[in-house]
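Chemist: The following file, structure-v5.pdb, comprises PDB, C-alpha atoms and all ligand atoms:
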```
ATOM      1  CA  MET A   1       0.000   0.000   0.000
ATOM      2  CA  ARG A   2       1.295   3.425  -1.009
ATOM      3  CA  ALA A   3      -1.336   5.942  -0.025
ATOM      4  CA  ILE A   4      -4.621   6.710   1.674
ATOM      5  CA  GLY A   5      -7.398   7.973  -0.517
ATOM      6  CA  GLU A   6      -8.936   9.393  -2.391
ATOM      7  CA  THR A   7     -10.163  11.240   0.643
ATOM      8  CA  GLY A   8     -11.264  14.853   1.027
ATOM      9  CA  LEU A   9     -14.402  16.898   0.583
ATOM     10  CA  ASP A  10     -16.930  17.120  -2.227
ATOM     11  CA  ALA A  11     -19.867  19.524  -2.173
ATOM     12  CA  TYR A  12     -20.777  18.832  -5.803
ATOM     13  CA  TRP A  13     -22.233  15.357  -5.364
ATOM     14  CA  ASP A  14     -24.929  15.293  -2.728
ATOM     15  CA  TYR A  15     -24.310  11.789  -1.386
ATOM     16  CA  THR A  16     -22.801  12.353   2.039
ATOM     17  CA  PRO A  17     -23.384  15.240   4.469
ATOM     18  CA  LEU A  18     -20.367  17.522   4.719
ATOM     19  CA  GLU A  19     -19.949  16.894   8.462
ATOM     20  CA  VAL A  20     -19.575  13.173   7.785
ATOM     21  CA  GLN A  21     -17.039  13.861   5.030
ATOM     22  CA  GLN A  22     -15.102  16.130   7.385
ATOM     23  CA  THR A  23     -15.022  13.515  10.113
ATOM     24  CA  LEU A  24     -13.734  10.852   7.728
ATOM     25  CA  PHE A  25     -11.254  13.209   6.055
ATOM     26  CA  ASP A  26      -9.804  14.070   9.433
ATOM     27  CA  GLN A  27      -9.533  10.403  10.340
ATOM     28  CA  HIS A  28      -7.666   9.777   7.083
ATOM     29  CA  LEU A  29      -5.316  12.671   7.826
ATOM     30  CA  GLN A  30      -4.572  11.218  11.232
ATOM     31  CA  LEU A  31      -4.078   7.771   9.726
ATOM     32  CA  SER A  32      -1.574   9.220   7.247
ATOM     33  CA  ARG A  33       0.368  10.642  10.139
ATOM     34  CA  GLU A  34       0.309   7.410  12.114
ATOM     35  CA  THR A  35       1.275   5.192   9.171
ATOM     36  CA  ASP A  36       3.482   7.664   7.257
ATOM     37  CA  LEU A  37       1.488   6.850   4.127
ATOM     38  CA  ALA A  38       0.775   9.674   1.709
ATOM     39  CA  PHE A  39      -2.819  10.857   1.383
ATOM     40  CA  VAL A  40      -4.624  11.751  -1.843
ATOM     41  CA  VAL A  41      -7.081  14.636  -1.610
ATOM     42  CA  HIS A  42     -10.173  14.954  -3.747
ATOM     43  CA  MET A  43     -11.585  18.492  -3.560
ATOM     44  CA  ARG A  44     -14.630  19.661  -5.433
ATOM     45  CA  ASP A  45     -16.487  22.914  -4.656
ATOM     46  CA  CYS A  46     -15.012  22.777  -1.175
ATOM     47  CA  ALA A  47     -11.741  24.726  -1.228
ATOM     48  CA  ALA A  48     -12.187  26.801   1.937
ATOM     49  CA  ALA A  49     -13.274  23.872   4.093
ATOM     50  CA  THR A  50     -10.506  21.682   2.686
ATOM     51  CA  ILE A  51      -7.774  24.249   3.367
ATOM     52  CA  GLU A  52      -9.115  24.766   6.862
ATOM     53  CA  MET A  53      -8.854  21.054   7.594
ATOM     54  CA  LEU A  54      -5.394  20.747   6.061
ATOM     55  CA  ARG A  55      -4.231  23.698   8.175
ATOM     56  CA  ALA A  56      -5.555  22.031  11.311
ATOM     57  CA  ALA A  57      -3.782  18.798  10.359
ATOM     58  CA  ARG A  58      -0.561  20.715   9.647
ATOM     59  CA  GLN A  59      -0.638  21.945  13.253
ATOM     60  CA  ARG A  60      -0.235  18.317  14.282
ATOM     61  CA  GLY A  61       2.779  17.762  12.018
ATOM     62  CA  PRO A  62       4.099  17.768   8.435
ATOM     63  CA  LEU A  63       1.674  16.739   5.694
ATOM     64  CA  ARG A  64       2.552  14.166   3.057
ATOM     65  CA  GLY A  65      -0.205  14.508   0.529
ATOM     66  CA  VAL A  66      -1.308  15.514  -2.926
ATOM     67  CA  MET A  67      -4.206  17.566  -4.242
ATOM     68  CA  HIS A  68      -5.334  15.161  -6.947
ATOM     69  CA  SER A  69      -6.795  16.270 -10.281
ATOM     70  CA  PHE A  70      -6.476  19.863  -9.156
ATOM     71  CA  THR A  71      -8.944  22.360 -10.604
ATOM     72  CA  GLY A  72      -8.939  25.026  -7.905
ATOM     73  CA  ASP A  73      -7.782  28.624  -8.172
ATOM     74  CA  LEU A  74      -4.315  30.086  -7.673
ATOM     75  CA  ALA A  75      -4.932  31.156  -4.067
ATOM     76  CA  THR A  76      -5.991  27.614  -3.196
ATOM     77  CA  ALA A  77      -2.938  26.151  -4.923
ATOM     78  CA  GLN A  78      -0.685  28.540  -3.018
ATOM     79  CA  ALA A  79      -2.342  27.717   0.287
ATOM     80  CA  CYS A  80      -1.799  24.012  -0.408
ATOM     81  CA  LEU A  81       1.838  24.587  -1.356
ATOM     82  CA  GLU A  82       2.426  26.525   1.857
ATOM     83  CA  LEU A  83       1.123  23.517   3.748
ATOM     84  CA  GLY A  84       3.673  21.292   1.990
ATOM     85  CA  MET A  85       1.262  19.609  -0.399
ATOM     86  CA  PHE A  86       1.943  18.380  -3.917
ATOM     87  CA  ILE A  87      -0.391  19.514  -6.710
ATOM     88  CA  SER A  88      -1.430  17.025  -9.380
ATOM     89  CA  PHE A  89      -2.971  17.836 -12.753
ATOM     90  CA  ALA A  90      -5.095  15.525 -14.890
ATOM     91  CA  GLY A  91      -6.327  15.746 -18.490
ATOM     92  CA  MET A  92      -8.534  18.743 -17.784
ATOM     93  CA  VAL A  93      -5.482  21.004 -17.844
ATOM     94  CA  THR A  94      -5.119  20.252 -21.575
ATOM     95  CA  PHE A  95      -8.668  21.353 -22.444
ATOM     96  CA  LYS A  96      -8.936  24.384 -24.673
ATOM     97  CA  LYS A  97     -10.722  26.551 -22.125
ATOM     98  CA  SER A  98      -8.443  25.692 -19.195
ATOM     99  CA  HIS A  99      -6.242  28.787 -19.565
ATOM    100  CA  GLU A 100      -6.441  29.675 -15.893
ATOM    101  CA  LEU A 101      -5.550  26.148 -14.800
ATOM    102  CA  ARG A 102      -2.540  26.121 -17.140
ATOM    103  CA  GLN A 103      -1.371  29.425 -15.660
ATOM    104  CA  ILE A 104      -1.582  27.882 -12.214
ATOM    105  CA  ALA A 105       0.308  24.790 -13.378
ATOM    106  CA  GLN A 106       3.010  27.035 -14.776
ATOM    107  CA  GLN A 107       3.630  28.449 -11.301
ATOM    108  CA  ILE A 108       3.838  25.245  -9.281
ATOM    109  CA  PRO A 109       7.407  24.703  -8.019
ATOM    110  CA  THR A 110       9.322  21.996  -9.877
ATOM    111  CA  ASP A 111       9.563  19.780  -6.801
ATOM    112  CA  ARG A 112       5.799  19.842  -6.093
ATOM    113  CA  ILE A 113       4.042  19.139  -9.374
ATOM    114  CA  LEU A 114       2.539  15.803 -10.378
ATOM    115  CA  ILE A 115       0.496  14.565 -13.320
ATOM    116  CA  GLU A 116      -2.097  11.796 -13.407
ATOM    117  CA  THR A 117      -4.677  10.216 -15.682
ATOM    118  CA  ASP A 118      -7.608  10.111 -13.249
ATOM    119  CA  SER A 119      -8.824   7.429 -15.664
ATOM    120  CA  PRO A 120     -11.325   6.369 -16.825
ATOM    121  CA  TYR A 121     -12.409  10.032 -17.008
ATOM    122  CA  LEU A 122     -10.834  13.292 -18.132
ATOM    123  CA  THR A 123      -9.145  11.998 -21.274
ATOM    124  CA  PRO A 124      -6.740  14.738 -22.374
ATOM    125  CA  HIS A 125      -6.857  16.751 -25.561
ATOM    126  CA  PRO A 126      -6.615  15.720 -28.458
ATOM    127  CA  HIS A 127      -8.557  12.601 -27.410
ATOM    128  CA  ARG A 128     -10.987  14.439 -25.177
ATOM    129  CA  GLY A 129     -14.307  12.662 -24.704
ATOM    130  CA  LYS A 130     -12.868   9.270 -25.566
ATOM    131  CA  ARG A 131     -13.495   6.640 -22.886
ATOM    132  CA  PRO A 132     -11.940   4.957 -21.172
ATOM    133  CA  ASN A 133      -9.011   7.207 -20.514
ATOM    134  CA  GLU A 134      -5.889   5.111 -19.927
ATOM    135  CA  PRO A 135      -2.381   5.584 -18.491
ATOM    136  CA  ALA A 136      -0.770   5.925 -21.941
ATOM    137  CA  MET A 137      -2.720   9.155 -22.414
ATOM    138  CA  ILE A 138      -0.637  10.810 -19.712
ATOM    139  CA  VAL A 139       1.857  11.759 -22.418
ATOM    140  CA  HIS A 140      -0.565  14.407 -23.700
ATOM    141  CA  THR A 141      -0.941  15.974 -20.285
ATOM    142  CA  ALA A 142       2.829  15.861 -19.805
ATOM    143  CA  ALA A 143       3.499  17.447 -23.199
ATOM    144  CA  CYS A 144       0.991  20.215 -22.545
ATOM    145  CA  LEU A 145       2.479  21.084 -19.165
ATOM    146  CA  ALA A 146       6.082  20.811 -20.337
ATOM    147  CA  GLU A 147       5.294  23.390 -22.991
ATOM    148  CA  VAL A 148       3.468  25.654 -20.557
ATOM    149  CA  ARG A 149       6.405  25.464 -18.155
ATOM    150  CA  GLY A 150       8.992  25.898 -20.881
ATOM    151  CA  VAL A 151      10.930  22.682 -20.235
ATOM    152  CA  PRO A 152      11.661  19.715 -22.513
ATOM    153  CA  LEU A 153       9.192  16.852 -22.182
ATOM    154  CA  ASP A 154      11.929  14.463 -20.996
ATOM    155  CA  GLN A 155      12.900  16.811 -18.231
ATOM    156  CA  PHE A 156       9.324  17.341 -17.100
ATOM    157  CA  ALA A 157       8.735  13.582 -17.114
ATOM    158  CA  ALA A 158      11.831  13.074 -14.964
ATOM    159  CA  GLU A 159      10.757  15.817 -12.547
ATOM    160  CA  THR A 160       7.230  14.485 -12.063
ATOM    161  CA  THR A 161       8.508  10.915 -11.718
ATOM    162  CA  ALA A 162      10.957  11.989  -9.029
ATOM    163  CA  ASN A 163       8.165  13.825  -7.218
ATOM    164  CA  ALA A 164       5.899  10.765  -7.322
ATOM    165  CA  GLN A 165       8.736   8.620  -5.967
ATOM    166  CA  ARG A 166       9.301  11.029  -3.116
ATOM    167  CA  LEU A 167       5.627  11.386  -2.269
ATOM    168  CA  PHE A 168       4.709   7.700  -2.490
ATOM    169  CA  GLN A 169       8.104   6.401  -1.336
ATOM    170  CA  PHE A 170       8.970   4.026  -4.136
ATOM    171  CA  ASP A 171      12.021   3.790  -6.394
TER
HETATM  172 ZN    ZN B 201     -11.262  12.599  -7.263
END
```
Can you present the structure in this file as structure tokens?

Modeler:
Amino acid sequence: MRAIGETGLDAYWDYTPLEVQQTLFDQHLQLSRETDLAFVVHMRDCAAATIEMLRAARQRGPLRGVMHSFTGDLATAQACLELGMFISFAGMVTFKKSHELRQIAQQIPTDRILIETDSPYLTPHPHRGKRPNEPAMIVHTAACLAEVRGVPLDQFAAETTANAQRLFQFD
């Protein structure tokens, strides 16, 4: 086992009351601390509450986690970075209208950025809409972000691989 999650808060889908999500999220954060396993945060329409909980957890000690499939704003990304979190981008960052998200991705420090498929959804451009998404498609997300960040694809791949190894403790 490499990580705990996805955990986190989601106010978009109305399946579970927010208080219940908060209780479970906090339990996962504590479990991450006890086991030294990374945690994977899902956050949808819940940025303020999520940051608040991460801040509270940070008071208890360093955080080893990632904001998965990040689609928040710059202030949220910065707050997460200040708390020591990694930020991971999925296929959505390649979509034509995702200018703001690409600008955020451009500003994530080299040692904190990750990429992911989030398959079977979020197939990147130019295969958008095709299902299922699959791991091989990650190359499109990587190419998009390498260009945005002004680094060769090889270099960006090496950087994100190193970050994943550090976060999830594998080599
Ligand atoms: Zn998710």

Chemist: All residues within 8 Å of ligand ZN 201 (chain B) are required, counting all atoms listed in the file; please report them as an MDAnalysis selection string.

Modeler: chainID A and resid 6 41:43 68:69 118

Chemist: Write a file of the just-selected residues containing C-alpha atoms, as a short mmCIF file (atom, residue, chain, number, x, y, z; two decimals), in the coordinates of the input.

Modeler:
```cif
data_model
loop_
_atom_site.label_atom_id
_atom_site.label_comp_id
_atom_site.auth_asym_id
_atom_site.auth_seq_id
_atom_site.Cartn_x
_atom_site.Cartn_y
_atom_site.Cartn_z
CA GLU A 6 -8.94 9.39 -2.39
CA VAL A 41 -7.08 14.64 -1.61
CA HIS A 42 -10.17 14.95 -3.75
CA MET A 43 -11.58 18.49 -3.56
CA HIS A 68 -5.33 15.16 -6.95
CA SER A 69 -6.80 16.27 -10.28
CA ASP A 118 -7.61 10.11 -13.25
#
```

Chemist: Which value, in Å to one decimal, gives the distance between CA of Arg44 in chain A and CA of His28 in chain A?

Modeler: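 CA of His28 in chain A lies 17.4 Å from CA of Arg44 in chain A.
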
Chemist: Mind checking which residues fall within 10 Å of range 105-108 of chain A, counting all atoms listed in the file, ignoring those fewer than 6 positions away in the same chain, and posting them as a PDB file with C-alpha atoms, in the coordinates of the input?

Modeler:
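So the final result, stored in selection.pdb, reads:
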```
ATOM      1  CA  PHE A  70      -6.476  19.863  -9.156  1.00  0.00           C
ATOM      2  CA  THR A  71      -8.944  22.360 -10.604  1.00  0.00           C
ATOM      3  CA  LEU A  74      -4.315  30.086  -7.673  1.00  0.00           C
ATOM      4  CA  ALA A  77      -2.938  26.151  -4.923  1.00  0.00           C
ATOM      5  CA  GLN A  78      -0.685  28.540  -3.018  1.00  0.00           C
ATOM      6  CA  LEU A  81       1.838  24.587  -1.356  1.00  0.00           C
ATOM      7  CA  PHE A  86       1.943  18.380  -3.917  1.00  0.00           C
ATOM      8  CA  ILE A  87      -0.391  19.514  -6.710  1.00  0.00           C
ATOM      9  CA  SER A  88      -1.430  17.025  -9.380  1.00  0.00           C
ATOM     10  CA  PHE A  89      -2.971  17.836 -12.753  1.00  0.00           C
ATOM     11  CA  VAL A  93      -5.482  21.004 -17.844  1.00  0.00           C
ATOM     12  CA  HIS A  99      -6.242  28.787 -19.565  1.00  0.00           C
ATOM     13  CA  LEU A 114       2.539  15.803 -10.378  1.00  0.00           C
ATOM     14  CA  LEU A 145       2.479  21.084 -19.165  1.00  0.00           C
ATOM     15  CA  ALA A 146       6.082  20.811 -20.337  1.00  0.00           C
ATOM     16  CA  GLU A 147       5.294  23.390 -22.991  1.00  0.00           C
ATOM     17  CA  VAL A 148       3.468  25.654 -20.557  1.00  0.00           C
ATOM     18  CA  ARG A 149       6.405  25.464 -18.155  1.00  0.00           C
ATOM     19  CA  GLY A 150       8.992  25.898 -20.881  1.00  0.00           C
TER      20      GLY A 150
END
```

Chemist: Give me the residues within 10 Å of Arg64 in chain A as a PDB file with C-alpha atoms, keeping the file's coordinate frame, counting all atoms listed in the file and dropping any in the same chain fewer than 6 places off.

Modeler:
```pdb
ATOM      1  CA  ALA A   3      -1.336   5.942  -0.025  1.00  0.00           C
ATOM      2  CA  LEU A  29      -5.316  12.671   7.826  1.00  0.00           C
ATOM      3  CA  SER A  32      -1.574   9.220   7.247  1.00  0.00           C
ATOM      4  CA  ARG A  33       0.368  10.642  10.139  1.00  0.00           C
ATOM      5  CA  ASP A  36       3.482   7.664   7.257  1.00  0.00           C
ATOM      6  CA  LEU A  37       1.488   6.850   4.127  1.00  0.00           C
ATOM      7  CA  ALA A  38       0.775   9.674   1.709  1.00  0.00           C
ATOM      8  CA  PHE A  39      -2.819  10.857   1.383  1.00  0.00           C
ATOM      9  CA  VAL A  40      -4.624  11.751  -1.843  1.00  0.00           C
ATOM     10  CA  ARG A  58      -0.561  20.715   9.647  1.00  0.00           C
ATOM     11  CA  LEU A  83       1.123  23.517   3.748  1.00  0.00           C
ATOM     12  CA  GLY A  84       3.673  21.292   1.990  1.00  0.00           C
ATOM     13  CA  MET A  85       1.262  19.609  -0.399  1.00  0.00           C
ATOM     14  CA  PHE A  86       1.943  18.380  -3.917  1.00  0.00           C
ATOM     15  CA  ARG A 166       9.301  11.029  -3.116  1.00  0.00           C
ATOM     16  CA  LEU A 167       5.627  11.386  -2.269  1.00  0.00           C
ATOM     17  CA  PHE A 168       4.709   7.700  -2.490  1.00  0.00           C
TER      18      PHE A 168
END
```

Chemist: Please report the interatomic distance between CA of Glu82 in chain A and CA of Arg55 in chain A in Å with one decimal.

Modeler: 9.6 Å

Chemist: Would you compute, for all listed atoms of range 38-41 of chain A, the axis-aligned bounding box grown by 6 Å on each side, and then report its centre and edge lengths in Å rounded to one decimal, as lines of an AutoDock Vina configuration file?

Modeler:
```
center_x = -3.2
center_y = 12.2
center_z = -0.1
size_x = 19.9
size_y = 17.0
size_z = 15.6
```

Chemist: Step by step: start from the point (-17.1, 18.7, -3.2) in the file's coordinates, keep every protein, DNA or RNA residue that has an atom no farther than 7 Å from it, count all atoms listed in the file, and write the set as a ChimeraX atom specification.

Modeler: /A:9-13,43-46

Chemist: As an exercise, work out the distance from CA of Val66 in chain A to CA of Ala143 in chain A in Å and give it to one decimal place.

Modeler: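 Separation of CA of Val66 in chain A and CA of Ala143 in chain A: 20.9 Å.
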
Chemist: Have range 95-115 of chain A completed to N, CA and C atoms, please, and pass it along as a PDB file, in the coordinates of the input.

Modeler:
```
ATOM      1  N   PHE A  95      -7.474  20.914 -21.717  1.00  0.00           N
ATOM      2  CA  PHE A  95      -8.668  21.353 -22.444  1.00  0.00           C
ATOM      3  C   PHE A  95      -8.512  22.805 -22.890  1.00  0.00           C
ATOM      4  N   LYS A  96      -9.106  23.080 -24.032  1.00  0.00           N
ATOM      5  CA  LYS A  96      -8.936  24.384 -24.673  1.00  0.00           C
ATOM      6  C   LYS A  96      -9.223  25.556 -23.726  1.00  0.00           C
ATOM      7  N   LYS A  97     -10.296  25.415 -22.957  1.00  0.00           N
ATOM      8  CA  LYS A  97     -10.722  26.551 -22.125  1.00  0.00           C
ATOM      9  C   LYS A  97      -9.992  26.646 -20.788  1.00  0.00           C
ATOM     10  N   SER A  98      -9.078  25.731 -20.519  1.00  0.00           N
ATOM     11  CA  SER A  98      -8.443  25.692 -19.195  1.00  0.00           C
ATOM     12  C   SER A  98      -7.242  26.623 -19.070  1.00  0.00           C
ATOM     13  N   HIS A  99      -7.371  27.833 -19.614  1.00  0.00           N
ATOM     14  CA  HIS A  99      -6.242  28.787 -19.565  1.00  0.00           C
ATOM     15  C   HIS A  99      -5.800  29.060 -18.141  1.00  0.00           C
ATOM     16  N   GLU A 100      -6.773  29.300 -17.275  1.00  0.00           N
ATOM     17  CA  GLU A 100      -6.441  29.675 -15.893  1.00  0.00           C
ATOM     18  C   GLU A 100      -5.701  28.525 -15.202  1.00  0.00           C
ATOM     19  N   LEU A 101      -6.178  27.311 -15.434  1.00  0.00           N
ATOM     20  CA  LEU A 101      -5.550  26.148 -14.800  1.00  0.00           C
ATOM     21  C   LEU A 101      -4.115  25.968 -15.301  1.00  0.00           C
ATOM     22  N   ARG A 102      -3.904  26.224 -16.598  1.00  0.00           N
ATOM     23  CA  ARG A 102      -2.540  26.121 -17.140  1.00  0.00           C
ATOM     24  C   ARG A 102      -1.622  27.184 -16.518  1.00  0.00           C
ATOM     25  N   GLN A 103      -2.186  28.377 -16.290  1.00  0.00           N
ATOM     26  CA  GLN A 103      -1.371  29.425 -15.660  1.00  0.00           C
ATOM     27  C   GLN A 103      -0.979  29.032 -14.245  1.00  0.00           C
ATOM     28  N   ILE A 104      -1.898  28.365 -13.564  1.00  0.00           N
ATOM     29  CA  ILE A 104      -1.582  27.882 -12.214  1.00  0.00           C
ATOM     30  C   ILE A 104      -0.500  26.814 -12.300  1.00  0.00           C
ATOM     31  N   ALA A 105      -0.663  25.888 -13.226  1.00  0.00           N
ATOM     32  CA  ALA A 105       0.308  24.790 -13.378  1.00  0.00           C
ATOM     33  C   ALA A 105       1.704  25.324 -13.698  1.00  0.00           C
ATOM     34  N   GLN A 106       1.727  26.424 -14.411  1.00  0.00           N
ATOM     35  CA  GLN A 106       3.010  27.035 -14.776  1.00  0.00           C
ATOM     36  C   GLN A 106       3.768  27.497 -13.529  1.00  0.00           C
ATOM     37  N   GLN A 107       3.017  27.840 -12.477  1.00  0.00           N
ATOM     38  CA  GLN A 107       3.630  28.449 -11.301  1.00  0.00           C
ATOM     39  C   GLN A 107       3.917  27.477 -10.161  1.00  0.00           C
ATOM     40  N   ILE A 108       3.567  26.221 -10.350  1.00  0.00           N
ATOM     41  CA  ILE A 108       3.838  25.245  -9.281  1.00  0.00           C
ATOM     42  C   ILE A 108       5.348  24.944  -9.260  1.00  0.00           C
ATOM     43  N   PRO A 109       5.979  25.000  -8.081  1.00  0.00           N
ATOM     44  CA  PRO A 109       7.407  24.703  -8.019  1.00  0.00           C
ATOM     45  C   PRO A 109       7.722  23.315  -8.595  1.00  0.00           C
ATOM     46  N   THR A 110       8.890  23.227  -9.194  1.00  0.00           N
ATOM     47  CA  THR A 110       9.322  21.996  -9.877  1.00  0.00           C
ATOM     48  C   THR A 110       9.265  20.767  -8.976  1.00  0.00           C
ATOM     49  N   ASP A 111       9.520  20.942  -7.696  1.00  0.00           N
ATOM     50  CA  ASP A 111       9.563  19.780  -6.801  1.00  0.00           C
ATOM     51  C   ASP A 111       8.204  19.443  -6.181  1.00  0.00           C
ATOM     52  N   ARG A 112       7.125  20.095  -6.690  1.00  0.00           N
ATOM     53  CA  ARG A 112       5.799  19.842  -6.093  1.00  0.00           C
ATOM     54  C   ARG A 112       4.727  19.488  -7.101  1.00  0.00           C
ATOM     55  N   ILE A 113       5.079  19.373  -8.360  1.00  0.00           N
ATOM     56  CA  ILE A 113       4.042  19.139  -9.374  1.00  0.00           C
ATOM     57  C   ILE A 113       3.980  17.661  -9.755  1.00  0.00           C
ATOM     58  N   LEU A 114       2.756  17.170  -9.916  1.00  0.00           N
ATOM     59  CA  LEU A 114       2.539  15.803 -10.378  1.00  0.00           C
ATOM     60  C   LEU A 114       1.538  15.825 -11.524  1.00  0.00           C
ATOM     61  N   ILE A 115       1.523  14.745 -12.296  1.00  0.00           N
ATOM     62  CA  ILE A 115       0.496  14.565 -13.320  1.00  0.00           C
ATOM     63  C   ILE A 115      -0.136  13.190 -13.112  1.00  0.00           C
TER      64      ILE A 115
END
```
